[in-house]
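K.L.:
Just so it is clear, I am handing over model.txt, which has compact mmCIF, C-alpha atoms and all ligand atoms.
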# COMPACT_ATOMS: atom_id res chain seq x y z
CA MET K 1 45.37 86.57 61.63
CA SER K 2 42.51 84.09 61.98
CA GLY K 3 39.83 83.89 64.65
CA TYR K 4 38.61 86.54 67.05
CA LEU K 5 41.20 89.05 68.24
CA ALA K 6 40.40 92.39 69.85
CA ASP K 7 42.35 95.26 71.39
CA TYR K 8 40.48 96.36 74.51
CA HIS K 9 42.89 98.98 75.84
CA VAL K 10 43.59 101.96 73.59
CA HIS K 11 43.99 105.68 74.38
CA THR K 12 43.07 108.64 72.21
CA ARG K 13 43.38 112.43 72.31
CA PHE K 14 40.76 112.44 75.07
CA SER K 15 43.43 111.07 77.40
CA PHE K 16 45.90 113.59 78.88
CA ASP K 17 48.81 111.57 77.48
CA SER K 18 47.71 110.87 73.87
CA GLU K 19 47.01 112.91 70.73
CA GLU K 20 45.44 110.16 68.61
CA THR K 21 42.01 110.32 66.97
CA ILE K 22 39.37 107.60 67.14
CA GLY K 23 39.32 107.52 63.32
CA ALA K 24 43.04 106.73 63.14
CA ILE K 25 42.65 103.99 65.76
CA ARG K 26 39.81 102.45 63.79
CA LYS K 27 41.81 102.53 60.55
CA MET K 28 44.79 100.79 62.17
CA ALA K 29 42.56 98.17 63.81
CA ALA K 30 41.19 97.38 60.33
CA ALA K 31 44.69 97.28 58.77
CA ARG K 32 45.81 94.84 61.46
CA GLY K 33 42.82 92.57 60.90
CA LEU K 34 41.38 92.99 64.40
CA SER K 35 37.81 91.93 65.06
CA GLU K 36 37.15 94.77 67.51
CA VAL K 37 38.87 97.69 69.18
CA CYS K 38 37.76 99.42 72.38
CA ILE K 39 38.66 103.02 73.25
CA THR K 40 39.63 103.27 76.94
CA ASP K 41 40.68 106.82 77.80
CA HIS K 42 41.92 107.82 81.25
CA PHE K 43 39.47 109.02 83.87
CA THR K 44 39.83 109.72 87.56
CA VAL K 45 37.85 111.39 90.31
CA ASN K 46 41.01 111.98 92.36
CA PRO K 47 41.90 115.71 92.25
CA LYS K 48 45.56 114.85 92.98
CA ASP K 49 45.94 112.64 89.87
CA LYS K 50 47.59 114.23 86.83
CA SER K 51 44.68 113.23 84.59
CA PHE K 52 42.04 114.85 86.85
CA GLY K 53 39.56 117.10 85.05
CA LEU K 54 41.11 116.49 81.63
CA TYR K 55 38.62 114.00 80.17
CA PRO K 56 35.90 115.71 78.08
CA TYR K 57 33.16 113.06 78.13
CA ARG K 58 30.71 114.73 75.74
CA GLU K 59 33.34 115.57 73.14
CA ALA K 60 34.75 112.03 73.33
CA TYR K 61 31.32 110.42 72.98
CA GLU K 62 30.38 112.67 70.04
CA GLU K 63 33.61 111.83 68.19
CA TYR K 64 33.01 108.17 68.96
CA LEU K 65 29.48 108.26 67.51
CA ARG K 66 30.71 110.12 64.43
CA ASP K 67 33.85 108.11 63.68
CA SER K 68 33.11 104.57 64.84
CA ALA K 69 30.29 103.54 62.51
CA GLY K 70 30.63 101.73 59.18
CA ALA K 71 32.44 98.71 57.80
CA GLY K 72 35.49 97.21 59.46
CA PRO K 73 36.12 96.21 63.06
CA ALA K 74 33.50 97.10 65.65
CA VAL K 75 34.60 100.03 67.80
CA ARG K 76 33.49 100.03 71.44
CA PHE K 77 33.41 102.96 73.84
CA GLY K 78 35.17 102.31 77.12
CA LEU K 79 37.10 103.97 79.91
CA GLU K 80 40.15 103.29 82.10
CA ILE K 81 39.30 104.46 85.61
CA GLY K 82 42.14 105.03 88.06
CA GLU K 83 41.59 103.99 91.69
CA GLY K 84 37.86 103.53 91.20
CA GLN K 85 37.42 102.13 94.73
CA TYR K 86 37.47 105.69 96.12
CA ARG K 87 34.90 108.51 95.84
CA ARG K 88 32.31 106.02 94.65
CA ASP K 89 29.40 108.47 94.85
CA THR K 90 31.05 110.89 92.42
CA LEU K 91 32.05 108.04 90.15
CA ASP K 92 28.60 106.44 90.21
CA ASP K 93 26.99 109.80 89.33
CA PHE K 94 29.34 110.19 86.38
CA LEU K 95 28.82 106.63 85.10
CA ALA K 96 25.04 106.85 85.47
CA GLN K 97 24.84 109.55 82.78
CA ALA K 98 27.48 108.01 80.46
CA HIS K 99 27.31 105.32 77.76
CA TYR K 100 30.16 102.91 78.23
CA ASP K 101 30.53 99.43 76.80
CA PHE K 102 33.46 98.51 79.00
CA ILE K 103 35.46 99.71 82.01
CA ILE K 104 39.03 98.90 82.97
CA GLY K 105 39.76 99.37 86.66
CA SER K 106 43.39 100.32 87.22
CA VAL K 107 45.69 101.33 90.06
CA HIS K 108 48.25 103.95 89.05
CA ASN K 109 48.79 105.58 92.44
CA ILE K 110 49.32 104.52 96.02
CA GLY K 111 47.40 107.09 98.01
CA ASP K 112 47.99 110.24 95.99
CA ILE K 113 51.51 109.33 94.84
CA THR K 114 52.43 107.45 91.66
CA ILE K 115 53.72 103.90 91.99
CA ARG K 116 57.11 104.90 90.57
CA GLN K 117 57.47 107.77 93.04
CA THR K 118 56.40 105.50 95.91
CA ILE K 119 59.18 103.04 95.04
CA ARG K 120 61.69 105.92 95.02
CA GLU K 121 60.52 107.45 98.28
CA ARG K 122 59.47 104.43 100.38
CA GLY K 123 61.33 101.50 98.78
CA ALA K 124 60.17 98.43 96.89
CA ASP K 125 59.05 96.38 99.92
CA TYR K 126 56.57 99.03 100.98
CA ALA K 127 55.45 99.73 97.39
CA PHE K 128 54.68 96.08 96.55
CA ASP K 129 52.60 95.56 99.71
CA ALA K 130 50.76 98.85 99.37
CA TYR K 131 50.15 98.36 95.65
CA TYR K 132 48.49 94.96 96.08
CA ASP K 133 46.43 96.32 98.99
CA GLU K 134 45.12 99.05 96.68
CA VAL K 135 44.37 96.51 93.91
CA LEU K 136 42.51 94.28 96.39
CA GLY K 137 40.41 97.26 97.48
CA LEU K 138 39.62 98.01 93.86
CA ALA K 139 38.86 94.35 93.08
CA GLU K 140 36.42 94.17 96.01
CA GLU K 141 34.83 97.63 95.88
CA GLY K 142 35.35 99.19 92.45
CA ASP K 143 33.02 99.37 89.46
CA TYR K 144 34.98 97.71 86.66
CA ASP K 145 34.72 94.96 84.05
CA VAL K 146 38.37 93.89 84.06
CA LEU K 147 41.34 94.82 86.23
CA GLY K 148 44.01 96.64 84.21
CA HIS K 149 47.70 95.64 84.17
CA LEU K 150 47.34 93.73 87.42
CA ASP K 151 51.02 93.62 88.47
CA LEU K 152 52.06 97.06 87.18
CA VAL K 153 54.25 97.51 90.27
CA ASN K 154 56.68 94.98 88.74
CA ARG K 155 57.27 97.16 85.70
CA TYR K 156 58.27 100.16 87.80
CA ALA K 157 60.22 98.15 90.39
CA TRP K 158 62.20 96.61 87.55
CA ASP K 159 62.86 100.05 86.02
CA GLU K 160 63.86 101.66 89.29
CA GLN K 161 65.66 98.88 91.17
CA GLY K 162 65.95 95.79 88.95
CA ILE K 163 63.37 94.03 91.15
CA TYR K 164 60.65 91.71 89.77
CA ARG K 165 58.70 89.68 92.32
CA LEU K 166 55.91 87.14 92.35
CA ASP K 167 56.54 84.53 95.06
CA ALA K 168 56.34 86.88 98.03
CA TYR K 169 52.95 88.21 96.90
CA THR K 170 51.09 85.10 95.77
CA HIS K 171 48.77 85.30 98.80
CA GLN K 172 47.70 88.86 98.01
CA ILE K 173 47.42 88.11 94.29
CA GLU K 174 45.20 85.08 94.92
CA ALA K 175 42.92 87.16 97.17
CA ILE K 176 42.59 89.70 94.34
CA LEU K 177 41.81 87.01 91.75
CA LYS K 178 39.21 85.40 94.02
CA ALA K 179 37.48 88.77 94.55
CA VAL K 180 37.41 89.35 90.78
CA ILE K 181 35.94 85.90 90.10
CA HIS K 182 33.45 86.15 92.96
CA ARG K 183 32.08 89.35 91.44
CA GLY K 184 31.88 87.85 87.94
CA ARG K 185 34.52 90.23 86.57
CA GLY K 186 37.75 89.65 84.67
CA ILE K 187 41.34 90.64 84.07
CA GLU K 188 43.22 91.94 81.05
CA ILE K 189 46.52 90.84 79.59
CA ASN K 190 48.29 94.13 78.89
CA THR K 191 51.08 93.87 76.31
CA SER K 192 52.58 97.38 76.69
CA SER K 193 55.42 96.25 78.94
CA LEU K 194 56.68 93.71 76.40
CA SER K 195 58.55 96.65 74.88
CA LYS K 196 59.60 98.08 78.27
CA ASN K 197 62.67 97.08 80.29
CA CYS K 198 61.05 94.11 82.06
CA ARG K 199 59.84 92.56 78.76
CA GLN K 200 56.95 90.77 80.42
CA PHE K 201 53.18 90.61 80.07
CA MET K 202 51.13 92.40 82.74
CA PRO K 203 50.12 90.39 84.60
CA ASN K 204 52.83 87.75 84.61
CA PRO K 205 51.67 84.45 82.97
CA TRP K 206 51.68 82.75 86.39
CA ILE K 207 48.85 85.06 87.46
CA VAL K 208 46.86 84.29 84.29
CA LYS K 209 47.26 80.56 85.02
CA ARG K 210 46.10 81.01 88.63
CA PHE K 211 43.09 83.02 87.42
CA LYS K 212 42.12 80.07 85.20
CA ALA K 213 42.75 77.49 87.93
CA LEU K 214 40.56 79.45 90.37
CA GLY K 215 37.68 79.47 87.87
CA GLY K 216 38.21 82.79 86.07
CA GLN K 217 36.71 83.07 82.59
CA ILE K 218 36.71 86.71 81.54
CA VAL K 219 39.93 87.95 79.95
CA THR K 220 40.53 90.81 77.51
CA LEU K 221 43.74 91.68 75.69
CA GLY K 222 45.05 95.23 75.50
CA SER K 223 48.00 96.94 73.85
CA ASP K 224 47.55 100.12 75.99
CA ALA K 225 48.46 101.98 72.76
CA HIS K 226 48.66 105.76 73.06
CA SER K 227 49.10 106.11 69.27
CA ALA K 228 47.53 104.33 66.30
CA ALA K 229 50.89 102.81 65.33
CA ARG K 230 50.83 100.57 68.41
CA VAL K 231 47.23 99.30 68.13
CA GLY K 232 47.23 95.50 68.20
CA ASP K 233 50.89 95.20 69.32
CA GLY K 234 51.62 91.95 71.14
CA LEU K 235 48.06 90.64 70.90
CA SER K 236 48.91 87.48 68.94
CA GLU K 237 51.53 86.61 71.57
CA ALA K 238 48.99 87.32 74.34
CA ALA K 239 46.39 85.12 72.61
CA ALA K 240 48.97 82.31 72.43
CA LEU K 241 49.63 82.75 76.15
CA LEU K 242 45.91 82.55 76.86
CA ARG K 243 45.63 79.28 74.94
CA ASP K 244 48.66 77.94 76.85
CA CYS K 245 46.84 78.78 80.08
CA GLY K 246 43.82 76.73 78.97
CA PHE K 247 41.49 79.51 77.81
CA GLU K 248 39.46 78.96 74.66
CA ALA K 249 37.72 82.33 74.51
CA LEU K 250 38.29 86.05 74.75
CA ALA K 251 35.76 88.39 76.33
CA ALA K 252 34.08 91.15 74.31
CA PHE K 253 31.80 93.78 75.87
CA GLU K 254 28.76 95.74 74.80
CA LYS K 255 26.97 98.01 77.28
CA ARG K 256 29.04 96.43 80.05
CA ARG K 257 27.81 92.90 79.23
CA PRO K 258 30.47 90.28 78.41
CA ARG K 259 30.29 87.77 75.59
CA LEU K 260 32.85 85.00 75.21
CA MET K 261 34.28 84.83 71.69
CA PRO K 262 36.18 81.69 70.57
CA LEU K 263 39.91 82.31 70.23
CA GLY K 264 41.35 81.57 66.79
CA GLN K 265 44.05 78.95 66.32
ZN ZN K 301 46.83 102.18 83.11
ZN ZN K 302 46.01 102.66 79.71
Show this structure as structure tokens.
Ligand SMILES: [Zn+2]
Ligand SMILES: [Zn+2]

P.N.:
Amino acid sequence: MSGYLADYHVHTRFSFDSEETIGAIRKMAAARGLSEVCITDHFTVNPKDKSFGLYPYREAYEEYLRDSAGAGPAVRFGLEIGEGQYRRDTLDDFLAQAHYDFIIGSVHNIGDITIRQTIRERGADYAFDAYYDEVLGLAEEGDYDVLGHLDLVNRYAWDEQGIYRLDAYTHQIEAILKAVIHRGRGIEINTSSLSKNCRQFMPNPWIVKRFKALGGQIVTLGSDAHSAARVGDGLSEAAALLRDCGFEALAAFEKRRPRLMPLGQ
């Protein structure tokens, strides 16, 4: 693997749905020849979310300081915040006393109900509209560096009902991308769904192309690995997609400040 390549979406045992250590993540990032890896555990301030109250900031930061130093790929300390457009005061208080390099803003729920459950209970038409409304709210109001898995609703709609849609939502998607660009933020290309039923990047390549055409510059790549074995999965394919879309750089973050790193050939 030549050139800069970094995995900016990885979960560890400080997420409710992972048991991995930061040390194991770092070792795998080195074995896979990555330039950097960023830990992005789940965090929410929504008491109804299944991850609520389960993120031990101090313990996570101490393990990070202990196990991230030394030779090999740089390890960054980040967070994946769910529905960060709500309860901003609580969120701002938390972030003010924390030390993050990078924040992914994600939508996992519509109101207090998961996207998958919303599709089951209210149908795909409702879920698509409501999902993009939530993402637009996050794009405009949230504190984030990149938006996570921007069309996640497609993955669940495909699983539940064999539905995958872009055309009907291009207006909402463009409004989201414009808000992201206006605020100087970015998007990620999440590769986790390449191995799921829909076998597609999140977001769909069309959205990445529109982001570029509208003037977007900041893109990170993320495997969304919940175990060390999956760190780096799909990143070479995602980097190739980025080049196809006209990007020549990947974003890296330190203390929430982006740097653009030239993509390898
Ligand atoms: Zn997520
Ligand atoms: Zn994630």

K.L.:
Do a neighbour search on segment 196-200 of chain K at 12 Å with all atoms listed in the file, toss out local chain neighbours closer than 5 positions, and write the hits as a PyMOL selection string.

P.N.:
chain K and resi 149+151-165+189-191+205-206+234+237-238+241

K.L.:
For atom CA of Arg88 of chain K and atom ZN of ligand ZN 301 (chain K), quote the distance in Å rounded to one decimal.

P.N.:
18.9 Å

K.L.:
Would you mind listing what lies within 10 Å of Ile104 of chain K as an MDAnalysis selection string, with only C-alpha atoms counted and same-chain residues fewer than 5 positions away left out?

P.N.:
chainID K and resid 8:9 40:42 78:82 84 143:149 186:188 220

K.L.:
Compile the contact shell of Arg58 of chain K as a PyMOL selection string: residues with an atom at most 10 Å away, counting only C-alpha atoms, same-chain residues fewer than 5 positions apart removed.

P.N.:
chain K and resi 63-64+98

K.L.:
Skipping near chain neighbours, those fewer than 4 positions away, what residues fall within 12 Å of Ser51 of chain K using only C-alpha atoms, listed as a count of residues only?

P.N.:
20

K.L.:
Could you jot down the atom CA of Thr118 of chain K to atom CA of Gly222 of chain K separation for me, Å, one decimal place?

P.N.:
25.5 Å

K.L.:
Could you name the residues that touch segment 170-177 of chain K at 7 Å or less, counting only C-alpha atoms, but leaving out those on the same chain fewer than 2 positions away, as a VMD selection string?

P.N.:
chain K and resid 132 136 139 166 to 168 179 to 181 211

K.L.:
What is the atom CA of Gly105 of chain K-atom CA of Arg32 of chain K distance in Å, reported with one decimal?

P.N.:
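Distance reported for this atom pair: 26.3 Å.
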
K.L.:
Point out the residue among K:Ile103, K:Cys245, K:Ala213, K:Met261 with the least atom-to-atom distance to ligand ZN 301 (chain K), counting only C-alpha atoms and all ligand atoms.

P.N.:
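Of K:Ile103, K:Cys245, K:Ala213, K:Met261, the one nearest ligand ZN 301 (chain K) is K:Ile103, counting only C-alpha atoms and all ligand atoms.
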
K.L.:
Go ahead and find all residues with at least one atom no further than 12 Å from (39.6, 94.0, 61.9) in the file's coordinates, using only C-alpha atoms; report them as a list of chain:residue names.

P.N.:
K:Met1, K:Ser2, K:Gly3, K:Tyr4, K:Leu5, K:Ala6, K:Asp7, K:Ile25, K:Arg26, K:Lys27, K:Met28, K:Ala29, K:Ala30, K:Ala31, K:Arg32, K:Gly33, K:Leu34, K:Ser35, K:Glu36, K:Val37, K:Cys38, K:Ala71, K:Gly72, K:Pro73, K:Ala74, K:Val75, K:Val231, K:Gly232

K.L.:
Which residue out of K:Asp67, K:Glu62, K:Glu134, K:Asp224 has the minimum interatomic distance to ligand ZN 301 (chain K) when only C-alpha atoms and all ligand atoms are used?

P.N.:
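For ligand ZN 301 (chain K), the nearest of the given residues is K:Asp224.
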
K.L.:
Of the residues K:Ser192, K:Arg116, K:Ala127, K:Phe94, which is the one nearest to His226 of chain K, using only C-alpha atoms?

P.N.:
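Looking at the shortest contact to His226 of chain K, the residue is K:Ser192.
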
K.L.:
Which residue, K:Ala229, K:Tyr100, K:Glu19, K:Ile39, has the smallest gap to ligand ZN 302 (chain K) when you use all atoms listed in the file?

P.N.:
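With all atoms listed in the file as the atom set, the closest residue is K:Ile39.
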
K.L.:
Counting all atoms listed in the file, which residue out of K:Val107, K:Leu214, K:Ala24, K:Ala252 sits closest to ligand ZN 302 (chain K)?

P.N.:
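Closest candidate: K:Val107.
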
K.L.:
Between K:Ser227, K:Leu250, K:Lys209, K:Asp125, single out the one closest to ligand ZN 302 (chain K), counting all atoms listed in the file.

P.N.:
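Closest to ligand ZN 302 (chain K) of all the choices is K:Ser227.
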
K.L.:
All heavy atoms for segment 203-214 of chain K, written as a PDB file, in the coordinates of the input, could you do that?

P.N.:
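Written out: selection_17.pdb:
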ATOM      1  N   PRO K 203      49.277  90.969  83.574  1.00  0.00           N
ATOM      2  CA  PRO K 203      50.120  90.390  84.600  1.00  0.00           C
ATOM      3  C   PRO K 203      51.018  89.279  84.048  1.00  0.00           C
ATOM      4  O   PRO K 203      50.815  88.801  82.939  1.00  0.00           O
ATOM      5  CB  PRO K 203      49.116  89.795  85.586  1.00  0.00           C
ATOM      6  CG  PRO K 203      47.948  89.418  84.741  1.00  0.00           C
ATOM      7  CD  PRO K 203      47.893  90.470  83.653  1.00  0.00           C
ATOM      8  N   ASN K 204      51.958  88.875  84.899  1.00  0.00           N
ATOM      9  CA  ASN K 204      52.830  87.750  84.610  1.00  0.00           C
ATOM     10  C   ASN K 204      51.981  86.504  84.293  1.00  0.00           C
ATOM     11  O   ASN K 204      50.926  86.305  84.895  1.00  0.00           O
ATOM     12  CB  ASN K 204      53.682  87.486  85.866  1.00  0.00           C
ATOM     13  CG  ASN K 204      54.643  86.340  85.672  1.00  0.00           C
ATOM     14  OD1 ASN K 204      54.250  85.183  85.741  1.00  0.00           O
ATOM     15  ND2 ASN K 204      55.897  86.654  85.435  1.00  0.00           N
ATOM     16  N   PRO K 205      52.438  85.649  83.341  1.00  0.00           N
ATOM     17  CA  PRO K 205      51.670  84.450  82.970  1.00  0.00           C
ATOM     18  C   PRO K 205      51.251  83.577  84.163  1.00  0.00           C
ATOM     19  O   PRO K 205      50.188  82.946  84.129  1.00  0.00           O
ATOM     20  CB  PRO K 205      52.618  83.701  82.041  1.00  0.00           C
ATOM     21  CG  PRO K 205      53.404  84.800  81.390  1.00  0.00           C
ATOM     22  CD  PRO K 205      53.604  85.838  82.471  1.00  0.00           C
ATOM     23  N   TRP K 206      52.055  83.546  85.225  1.00  0.00           N
ATOM     24  CA  TRP K 206      51.680  82.750  86.390  1.00  0.00           C
ATOM     25  C   TRP K 206      50.324  83.203  86.939  1.00  0.00           C
ATOM     26  O   TRP K 206      49.487  82.385  87.344  1.00  0.00           O
ATOM     27  CB  TRP K 206      52.754  82.868  87.494  1.00  0.00           C
ATOM     28  CG  TRP K 206      52.417  82.066  88.718  1.00  0.00           C
ATOM     29  CD1 TRP K 206      52.714  80.756  88.960  1.00  0.00           C
ATOM     30  CD2 TRP K 206      51.662  82.526  89.863  1.00  0.00           C
ATOM     31  NE1 TRP K 206      52.205  80.369  90.182  1.00  0.00           N
ATOM     32  CE2 TRP K 206      51.559  81.437  90.755  1.00  0.00           C
ATOM     33  CE3 TRP K 206      51.078  83.741  90.213  1.00  0.00           C
ATOM     34  CZ2 TRP K 206      50.900  81.532  91.984  1.00  0.00           C
ATOM     35  CZ3 TRP K 206      50.405  83.833  91.427  1.00  0.00           C
ATOM     36  CH2 TRP K 206      50.324  82.729  92.302  1.00  0.00           C
ATOM     37  N   ILE K 207      50.109  84.506  86.930  1.00  0.00           N
ATOM     38  CA  ILE K 207      48.850  85.060  87.460  1.00  0.00           C
ATOM     39  C   ILE K 207      47.685  84.679  86.545  1.00  0.00           C
ATOM     40  O   ILE K 207      46.590  84.344  87.014  1.00  0.00           O
ATOM     41  CB  ILE K 207      48.967  86.593  87.611  1.00  0.00           C
ATOM     42  CG1 ILE K 207      50.050  86.924  88.645  1.00  0.00           C
ATOM     43  CG2 ILE K 207      47.624  87.213  87.987  1.00  0.00           C
ATOM     44  CD1 ILE K 207      50.340  88.406  88.816  1.00  0.00           C
ATOM     45  N   VAL K 208      47.918  84.681  85.240  1.00  0.00           N
ATOM     46  CA  VAL K 208      46.860  84.290  84.290  1.00  0.00           C
ATOM     47  C   VAL K 208      46.499  82.821  84.530  1.00  0.00           C
ATOM     48  O   VAL K 208      45.318  82.447  84.540  1.00  0.00           O
ATOM     49  CB  VAL K 208      47.313  84.520  82.835  1.00  0.00           C
ATOM     50  CG1 VAL K 208      46.191  84.163  81.864  1.00  0.00           C
ATOM     51  CG2 VAL K 208      47.757  85.969  82.624  1.00  0.00           C
ATOM     52  N   LYS K 209      47.504  81.989  84.758  1.00  0.00           N
ATOM     53  CA  LYS K 209      47.260  80.560  85.020  1.00  0.00           C
ATOM     54  C   LYS K 209      46.473  80.371  86.318  1.00  0.00           C
ATOM     55  O   LYS K 209      45.556  79.555  86.401  1.00  0.00           O
ATOM     56  CB  LYS K 209      48.583  79.791  85.118  1.00  0.00           C
ATOM     57  CG  LYS K 209      49.186  79.525  83.758  1.00  0.00           C
ATOM     58  CD  LYS K 209      50.426  78.647  83.833  1.00  0.00           C
ATOM     59  CE  LYS K 209      51.115  78.645  82.476  1.00  0.00           C
ATOM     60  NZ  LYS K 209      52.533  78.927  82.512  1.00  0.00           N
ATOM     61  N   ARG K 210      46.828  81.122  87.359  1.00  0.00           N
ATOM     62  CA  ARG K 210      46.100  81.010  88.630  1.00  0.00           C
ATOM     63  C   ARG K 210      44.646  81.462  88.456  1.00  0.00           C
ATOM     64  O   ARG K 210      43.731  80.885  89.017  1.00  0.00           O
ATOM     65  CB  ARG K 210      46.762  81.875  89.737  1.00  0.00           C
ATOM     66  CG  ARG K 210      48.028  81.309  90.312  1.00  0.00           C
ATOM     67  CD  ARG K 210      47.895  79.878  90.772  1.00  0.00           C
ATOM     68  NE  ARG K 210      46.945  79.698  91.868  1.00  0.00           N
ATOM     69  CZ  ARG K 210      46.317  78.554  92.155  1.00  0.00           C
ATOM     70  NH1 ARG K 210      46.539  77.484  91.411  1.00  0.00           N
ATOM     71  NH2 ARG K 210      45.490  78.486  93.175  1.00  0.00           N
ATOM     72  N   PHE K 211      44.447  82.512  87.679  1.00  0.00           N
ATOM     73  CA  PHE K 211      43.090  83.020  87.420  1.00  0.00           C
ATOM     74  C   PHE K 211      42.247  81.900  86.805  1.00  0.00           C
ATOM     75  O   PHE K 211      41.116  81.647  87.223  1.00  0.00           O
ATOM     76  CB  PHE K 211      43.175  84.231  86.488  1.00  0.00           C
ATOM     77  CG  PHE K 211      41.850  84.879  86.179  1.00  0.00           C
ATOM     78  CD1 PHE K 211      41.101  85.483  87.182  1.00  0.00           C
ATOM     79  CD2 PHE K 211      41.353  84.903  84.884  1.00  0.00           C
ATOM     80  CE1 PHE K 211      39.883  86.091  86.904  1.00  0.00           C
ATOM     81  CE2 PHE K 211      40.136  85.511  84.595  1.00  0.00           C
ATOM     82  CZ  PHE K 211      39.395  86.101  85.612  1.00  0.00           C
ATOM     83  N   LYS K 212      42.824  81.197  85.842  1.00  0.00           N
ATOM     84  CA  LYS K 212      42.120  80.070  85.200  1.00  0.00           C
ATOM     85  C   LYS K 212      41.851  78.951  86.210  1.00  0.00           C
ATOM     86  O   LYS K 212      40.739  78.417  86.290  1.00  0.00           O
ATOM     87  CB  LYS K 212      42.964  79.555  84.022  1.00  0.00           C
ATOM     88  CG  LYS K 212      42.437  78.303  83.363  1.00  0.00           C
ATOM     89  CD  LYS K 212      41.227  78.592  82.511  1.00  0.00           C
ATOM     90  CE  LYS K 212      40.713  77.320  81.852  1.00  0.00           C
ATOM     91  NZ  LYS K 212      39.374  77.500  81.303  1.00  0.00           N
ATOM     92  N   ALA K 213      42.882  78.600  86.978  1.00  0.00           N
ATOM     93  CA  ALA K 213      42.750  77.490  87.930  1.00  0.00           C
ATOM     94  C   ALA K 213      41.691  77.792  88.991  1.00  0.00           C
ATOM     95  O   ALA K 213      41.016  76.886  89.487  1.00  0.00           O
ATOM     96  CB  ALA K 213      44.098  77.213  88.599  1.00  0.00           C
ATOM     97  N   LEU K 214      41.537  79.067  89.336  1.00  0.00           N
ATOM     98  CA  LEU K 214      40.560  79.450  90.370  1.00  0.00           C
ATOM     99  C   LEU K 214      39.145  79.593  89.808  1.00  0.00           C
ATOM    100  O   LEU K 214      38.200  79.876  90.538  1.00  0.00           O
ATOM    101  CB  LEU K 214      40.992  80.770  91.032  1.00  0.00           C
ATOM    102  CG  LEU K 214      42.259  80.687  91.897  1.00  0.00           C
ATOM    103  CD1 LEU K 214      42.802  82.076  92.209  1.00  0.00           C
ATOM    104  CD2 LEU K 214      41.989  79.928  93.195  1.00  0.00           C
TER     105      LEU K 214
END
